[in-house]
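To start, the structure under review is shown below, and the notes come after it.
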Amino acid sequence: MITNFLVVRKAVRKFFQKYQTVFEILFKFIITYMAYDQITTSLNFSETLTKSVLKLGVGVLGAFVPEIVTILILGLVALYEVYSAAPILALLVLVLFIVMYCFAARFSGKYAYAIIAIPILFKFNLQYMIPILLGLTASPLAMFPAACGVCFYYILKVIVSAVSISELENLDEALALYIKVIDDIISNKDMIYTIAIFAAVIIIMWLIRRLQFSFAFELTILSGMCICLIGHFLVYLKLDVPIEGVVVGTVLSTLIVCFVQFFRLVLDYSGVQSVQFEDDDYYYYVKAIPKVDSEVPDRFVKKGEKPEKPEKPEKPVKEAVEEKITVAEEKPAGEKVDILGKIKDFFVGIGSGISELLNLAHDNFKKQNETKEEKVTAEEPQKKVIEKVKPEKNPSKLESLGWDDDEDDDEPINKREVNEKTDE
Amino acid sequence: MVNNRKVRLMTRLAIYEEGEGKEDIRLGKYFRRDFVRLQLFKNIIAVTVGYLLLVALYMAYKLEFLISEAVKLDYAAMGRRLLALYLIILVVYIAGSLVFSMLYYNASRKKLAKYFRMLRLMRSFYREESEK
């Protein structure tokens, strides 16, 4: 069953590698579209930005530009939305974006998509997937884009709640709104604890992943999940925030990450090889764990001898057929067809066939106890009979694939020995 | 006659140059000291700009208090506290950028060394062909 999963995995990976460019563009389009939709839906201050044409246009643009440009475009969209509600808040949001870039977002690198992925996943309660995935694949610097993503989400949330409550009529009210938003952002402990937990998950997972022991990746994912749950449990004790959603979200996120890891890398820990060798400069202690991908064949070919099928001698079969023909010929054409008789004959024929098969099996059993030479002389004419009756299809397919059992028997188990031999 | 080994080597070189080699070749133009200094300089500017904006935000937040207490405020103490905080943040970012830029440069150099070895092998192929 596991082999079937591995075959499917290999097929899916091949498919994605073949159309990698298309899938990358599609992925970028989807993430940009969803982020734009999330921003315009949650803020909803400007009607012009909610048009589907604009959504598609921004999505298409995001599919072809670098990640940092996509984030800049989405930042401008958020800024315009906030400007539609309160210009002073737009200035605040702009300054906060610049501060976030100066202190954190500059170090995102290729993980810049985490900044927009986290707010999108907050909607589905799967935001925990990003730190666990980054801890598995990225360096500790990935905590910066994760922190920026969390800040982005909470700042927009605070602005939505602040604007909905207050009305701006003069400068004093605008200033009061500004102070209220700053107060809400500073006092938002949920945001600070979330950033701390995500950073801890990424750093600890990175440390565990680098250790050299079996099942390191699996234990890394498990440790990420545990740290996330423990961290949020402590937050629950302190802030009395509901934890049921956190547990479900963390477990689902971990399952998704396990799924991603299965497609990314599968190792066969039963085939671990520890080798030592030296060159001019160093002495090496190497632990090699084979990847399962390389062991899965492209097509399934069953190795080993096929069980010999019971051979039907011609004579008894012909005799049975002749009997049937003679029975059919004996009946005159003009008489009525006896259905019951036909059915009876049919079952008699089956019974005689079964008894013949049993006799043949008994004969085969006897033959197996005879000497090899007798078997060869006895089998040769029977093999010829088999070839005439049922030509085997599979050997021709194997031959066309270049399969040779003799080669397979001589192949050494240790591939490194093969490489050494070829180098010699 | 097409030399298969040469074609394979050239393909690997081209793949590297088009992918991660772009950044590594760009870094290869710098000495390690110059690269680290450049990263430090960029970080110092970014931290300074970000800190000044944060201070501006804080002053706008406390504008009412500042206006009402403008005469009584101890500006020297305030200045010292702001400077101390700025220096602490700057030292943290300088240390971090020093470590990470050195590690990044070293990793890039290892990949470049492998790239140069492949280039030397290419050169030996060309020499063999010219001798023939």
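In the structure tokens, chains take letters A, B, ... by order of appearance, with residues numbered from 1 within each chain and ligands from 1 in the order shown.
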
**OP:** For chain B, report every residue with an atom at most 9 Å from chain A (counting only C-alpha atoms), formatted as a ChimeraX atom specification.
**Re:** /B:43,45-51,53-54,57-58,60-62,93

**OP:** Can you pull out every residue within 9 Å of Val93 in chain A, counting only C-alpha atoms, but drop anything in the same chain fewer than 5 positions away, and send it as a VMD selection string?
**Re:** chain A and resid 78 to 79 82 88 98 155 to 156

Just write the chosen residues, C-alpha atoms, as a PDB file, in the first residue's frame.
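Ended up saving to selection_3.pdb:
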```pdb
ATOM      1  CA  ALA A  78      -4.413  48.390   1.748  1.00  0.00           C
ATOM      2  CA  LEU A  79      -3.185  51.971   2.002  1.00  0.00           C
ATOM      3  CA  VAL A  82      -7.501  52.991   4.693  1.00  0.00           C
ATOM      4  CA  ILE A  88      -4.575  60.268   9.009  1.00  0.00           C
ATOM      5  CA  ILE A  98       8.073  51.551   6.275  1.00  0.00           C
ATOM      6  CA  ILE A 155      -2.942  46.223  12.264  1.00  0.00           C
ATOM      7  CA  LEU A 156      -5.684  45.923   9.639  1.00  0.00           C
TER       8      LEU A 156
END
```

Subject >> Backbone DSSP call of alpha helix (DSSP H) for range 139-228 of chain A, listed as a PyMOL selection string >> reply: chain A and resi 143-165+171-186+189-209+216-228

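In this model, the gap between CA of Leu43 in chain A and CA of Glu81 in chain A comes to 6.6 Å.
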
Tell me, counting only C-alpha atoms, for each residue of range 62-124 of chain B within 12 Å of range 17-38 of chain B, which pair of atoms is nearest and how far apart they are in Å to one decimal, in rows ordered by chain and increasing number, as a tab-separated table.
```
residue	atom	partner	partner_atom	distance
B:Ile94	CA	B:Arg37	CA	10.1
B:Ala95	CA	B:Val36	CA	11.1
B:Gly96	CA	B:Val36	CA	11.2
B:Ser97	CA	B:Val36	CA	7.9
B:Leu98	CA	B:Val36	CA	6.4
B:Val99	CA	B:Val36	CA	9.0
B:Phe100	CA	B:Val36	CA	9.1
B:Ser101	CA	B:Val36	CA	5.8
B:Met102	CA	B:Val36	CA	6.5
B:Leu103	CA	B:Val36	CA	10.0
B:Tyr104	CA	B:Val36	CA	9.7
B:Tyr105	CA	B:Arg32	CA	6.7
B:Asn106	CA	B:Arg32	CA	8.3
B:Ala107	CA	B:Asp24	CA	9.0
B:Ser108	CA	B:Asp24	CA	5.3
B:Arg109	CA	B:Gly28	CA	7.1
B:Lys110	CA	B:Asp24	CA	9.5
B:Lys111	CA	B:Asp24	CA	7.4
B:Leu112	CA	B:Asp24	CA	6.4
B:Ala113	CA	B:Gly28	CA	10.0
B:Lys114	CA	B:Gly21	CA	10.8
B:Tyr115	CA	B:Gly21	CA	8.4
B:Phe116	CA	B:Ile25	CA	10.5
B:Met118	CA	B:Glu17	CA	11.9
B:Leu119	CA	B:Glu17	CA	11.6
```

Original post:
Can you list, as JSON, numbers by chain, every protein, DNA or RNA residue that comes within 12 Å of Leu82 in chain B when you count only C-alpha atoms, leaving out same-chain residues fewer than 3 positions away?
Top reply: {"B": [48, 51, 52, 54, 55, 56, 58, 59, 75, 76, 77, 78, 79, 85, 86, 87, 88, 89]}

**OP:** Please identify all polymer residues within 7 Å of range 12-26 of chain A, counting only C-alpha atoms, omitting same-chain residues fewer than 4 positions from it, and present them as number ranges by chain.
**Re:** A: 8, 30, 63-64

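The shortest atom-to-atom distance to Arg123 in chain B, with only C-alpha atoms taken into account, belongs to B:Met10 out of B:Met10, B:Ile15, B:Ile67, B:Leu83.
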
Subject >> Nearest to Ile116 in chain A by atom-to-atom distance, counting only C-alpha atoms, from A:Asn359, A:Ser139, A:Thr41, A:Thr32 >> reply: A:Thr32

Original post:
Hey, what's within 8 Å of Ser42 in chain A if we count only C-alpha atoms and toss same-chain stuff fewer than 4 positions away? As a list in words, please?
Top reply: Gln38, Lys157 and Val160 of chain A

Using C-alpha atoms, can you export the residues from the last selection as a PDB file, in the first residue's frame?
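This is the output file out.pdb:
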```
ATOM      1  CA  GLN A  38      -8.957  39.382   1.826  1.00  0.00           C
ATOM      2  CA  LYS A 157      -7.965  44.285  12.215  1.00  0.00           C
ATOM      3  CA  VAL A 160     -11.278  48.130  10.914  1.00  0.00           C
TER       4      VAL A 160
END
```

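Of note, CA of Thr3 in chain A and CA of Pro290 in chain A are spaced 15.5 Å apart.
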
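As for CA of Val251 in chain A and CA of Ala112 in chain A, they are spaced 24.5 Å apart.
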
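Of the residues listed (B:Leu9, B:Ala14, B:Val2, B:Leu40), B:Leu9 shows the shortest atom-to-atom separation from Leu121 in chain B; distances use only C-alpha atoms.
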